[in-house]
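Scroll down for the structure; my scribbles are underneath it.
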Amino acid sequence: MQILITYSSGFGTTREVAEKIGQILQQADLLSVDLLPIDEVSTVAPYDTVILGSSIRAGHPLANMVDFIALHRHHLESKRVAIFLVCLCANSEEGRCKAMEDQLPQLLRRFPNLHPFAVEAFGGKIDFDKLNPVMRKLMRHVLEQSGLPADGSVDTRDWKLIEQWALRLRDELASAARTSPVTADK
């Protein structure tokens with residue numbers, strides 16, 4: 001089974017999550033995984049499964065993720081699709097649920113024929129030293145309202161949760177690969 005993991009990452013946090021998911025999926029013999037930044041993907045046609053990952057900024061998935069889905073929606077509608085979001089506030093069960101209830105529908109309302117088989121939200125990371133002064137001020141305000149630390153480097157990712165989600169994906173996709181013919185467009 002051919003799998004594409006593609007991601008939109010502002011500062012590299014979503015890329016790191018995508019890499020971890022890719023490492024786990026590659027452990028299954030029947031799964032072949034390509035990992036690419038969203039701006040480097042020209043087609044999804046060769047893939048049976050597409051896993052989309054986006055950072056959340058100012059309460060919204062990154063614009064290039066929305067553009068990517070719009071551009072490839074007709075192919076994506078006929079494939080297995082999974083979506084993960086990376087958001088600082090998704091640092092607890094309540095935060096993850098809120099992210100999926102608030103941000104995921106923003107994507108899916110625009111693309112009603114896209115039906116992901118798996119979705120999840122993970123905590124994010126921010127390094128204030130890498131932000132420009134305007135973003136630093138904005139992020140401090142957001143974090144203070146969320147009760148999170150607003151200085152230095154803040155990492156709310158739960159690597160165990162990320163691994164567990166990737167393991168479930170791996171097992172489900174490997175099972176599908178054993179029982180289904182290849183369905184990717186060639």
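Following the order of the structure tokens, first chain is A, next is B, and so on, with residues numbered from 1 inside each chain and ligands from 1 in the order they appear.
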
> Can you tell me, as a PyMOL selection string, what residues are no more than 7 Å from region 119-134 of chain A when counting only C-alpha atoms, ignoring any on the same chain fewer than 4 positions away?
Replying inline: chain A and resi 13+82-91+96+99-100+138+151-158

>> If DSSP is run on the backbone, what residues of region 6-153 of chain A are helix (DSSP H, G or I)? A reply as a PyMOL selection string would be ideal.
In response: chain A and resi 13-25+38-40+63-76+93-102+104-110+128-130+133-146

Compile a residue-level contact table for region 110-149 of chain A against region 69-80 of chain A at a cut-off of 10 Å, reporting for every qualifying residue the shortest atom pair and its distance in Å to one decimal, with only C-alpha atoms counted, rows ordered by chain and ascending number, as a tab-separated table.
residue	atom	partner	partner_atom	distance
A:Arg110	CA	A:Ala70	CA	8.4
A:Phe111	CA	A:Arg73	CA	7.4
A:Pro112	CA	A:Glu77	CA	9.3
A:Asn113	CA	A:Glu77	CA	5.9
A:Leu114	CA	A:Glu77	CA	5.1
A:His115	CA	A:Glu77	CA	7.3
A:Pro116	CA	A:Arg80	CA	6.8
A:Phe117	CA	A:Arg80	CA	6.6
A:Ala118	CA	A:Arg80	CA	9.1

Could you please take those selected residues and save C-alpha atoms as a PDB file, in the first residue's frame?
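Dumped to part.pdb:
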ATOM      1  CA  ARG A 110     -15.498  23.103   2.801  1.00  0.00           C
ATOM      2  CA  PHE A 111     -15.015  19.572   1.483  1.00  0.00           C
ATOM      3  CA  PRO A 112     -18.185  17.600   2.322  1.00  0.00           C
ATOM      4  CA  ASN A 113     -17.138  14.578   0.218  1.00  0.00           C
ATOM      5  CA  LEU A 114     -13.932  14.098   2.195  1.00  0.00           C
ATOM      6  CA  HIS A 115     -14.490  11.470   4.879  1.00  0.00           C
ATOM      7  CA  PRO A 116     -11.345  10.798   6.942  1.00  0.00           C
ATOM      8  CA  PHE A 117     -11.101   7.349   8.493  1.00  0.00           C
ATOM      9  CA  ALA A 118      -8.953   8.725  11.339  1.00  0.00           C
TER      10      ALA A 118
END

>> So the first atom is CA of His60 (chain A) and the second is CA of Leu104 (chain A); what is the distance between them in Å, to one decimal place?
In response: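 Those two atoms sit 8.9 Å apart.
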
> Got a sec: who's within 6 Å of region 24-35 of chain A, counting only C-alpha atoms, leaving out chain neighbours fewer than 3 positions off, as a PyMOL selection string?
Replying inline: chain A and resi 1-6+21+170

>> I need the strand (DSSP E) residues of chain A per DSSP on the backbone, written as number ranges by chain.
In response: A: 2-8, 32-37, 49-57, 60-61, 80-86, 118-122, 125-127, 153-155

Given the selection you just returned, output its residues as a file containing C-alpha atoms, formatted as an mmCIF file, in the first residue's frame.
data_model
loop_
_atom_site.group_PDB
_atom_site.id
_atom_site.type_symbol
_atom_site.label_atom_id
_atom_site.label_comp_id
_atom_site.auth_asym_id
_atom_site.auth_seq_id
_atom_site.Cartn_x
_atom_site.Cartn_y
_atom_site.Cartn_z
ATOM 1 C CA GLN A 2 1.348 3.393 -1.027
ATOM 2 C CA ILE A 3 0.967 6.052 1.684
ATOM 3 C CA LEU A 4 1.677 9.763 1.527
ATOM 4 C CA ILE A 5 2.165 11.724 4.722
ATOM 5 C CA THR A 6 2.126 15.401 3.869
ATOM 6 C CA TYR A 7 2.214 18.276 6.295
ATOM 7 C CA SER A 8 1.997 22.025 6.639
ATOM 8 C CA SER A 32 5.392 2.074 1.587
ATOM 9 C CA VAL A 33 5.521 5.602 3.011
ATOM 10 C CA ASP A 34 6.505 8.901 1.406
ATOM 11 C CA LEU A 35 6.857 11.906 3.712
ATOM 12 C CA LEU A 36 6.741 15.328 2.028
ATOM 13 C CA PRO A 37 6.038 18.939 2.943
ATOM 14 C CA THR A 49 -3.807 6.568 1.586
ATOM 15 C CA VAL A 50 -3.039 10.217 2.280
ATOM 16 C CA ILE A 51 -2.319 11.436 5.802
ATOM 17 C CA LEU A 52 -2.645 15.208 6.123
ATOM 18 C CA GLY A 53 -1.081 17.146 8.999
ATOM 19 C CA SER A 54 -1.500 20.841 9.690
ATOM 20 C CA SER A 55 -0.407 23.248 12.350
ATOM 21 C CA ILE A 56 -3.123 25.448 13.771
ATOM 22 C CA ARG A 57 -2.389 29.145 13.768
ATOM 23 C CA HIS A 60 -7.249 27.915 11.818
ATOM 24 C CA PRO A 61 -5.452 25.222 9.833
ATOM 25 C CA ARG A 80 -8.283 6.636 2.534
ATOM 26 C CA VAL A 81 -7.561 9.947 4.257
ATOM 27 C CA ALA A 82 -6.440 10.614 7.811
ATOM 28 C CA ILE A 83 -5.958 14.068 9.318
ATOM 29 C CA PHE A 84 -3.964 15.260 12.281
ATOM 30 C CA LEU A 85 -3.787 18.771 13.694
ATOM 31 C CA VAL A 86 -1.005 20.211 15.832
ATOM 32 C CA ALA A 118 -8.953 8.725 11.339
ATOM 33 C CA VAL A 119 -8.528 12.161 12.900
ATOM 34 C CA GLU A 120 -6.576 13.420 15.893
ATOM 35 C CA ALA A 121 -5.197 16.595 17.419
ATOM 36 C CA PHE A 122 -1.846 16.730 19.172
ATOM 37 C CA LYS A 125 5.539 23.378 20.444
ATOM 38 C CA ILE A 126 6.654 26.971 20.285
ATOM 39 C CA ASP A 127 10.064 28.511 20.750
ATOM 40 C CA SER A 153 10.191 27.038 24.718
ATOM 41 C CA VAL A 154 6.795 25.438 25.322
ATOM 42 C CA ASP A 155 6.287 21.860 24.119
#

>> Would you compute the distance between CA of Gly10 (chain A) and CA of Leu167 (chain A)? Give it in Å to one decimal.
In response: 25.5 Å

> Using only C-alpha atoms, which of the listed residues (A:Ala174, A:Phe68, A:Gln164, A:Cys97) sits closest to Val44 (chain A)?
Replying inline: A:Phe68
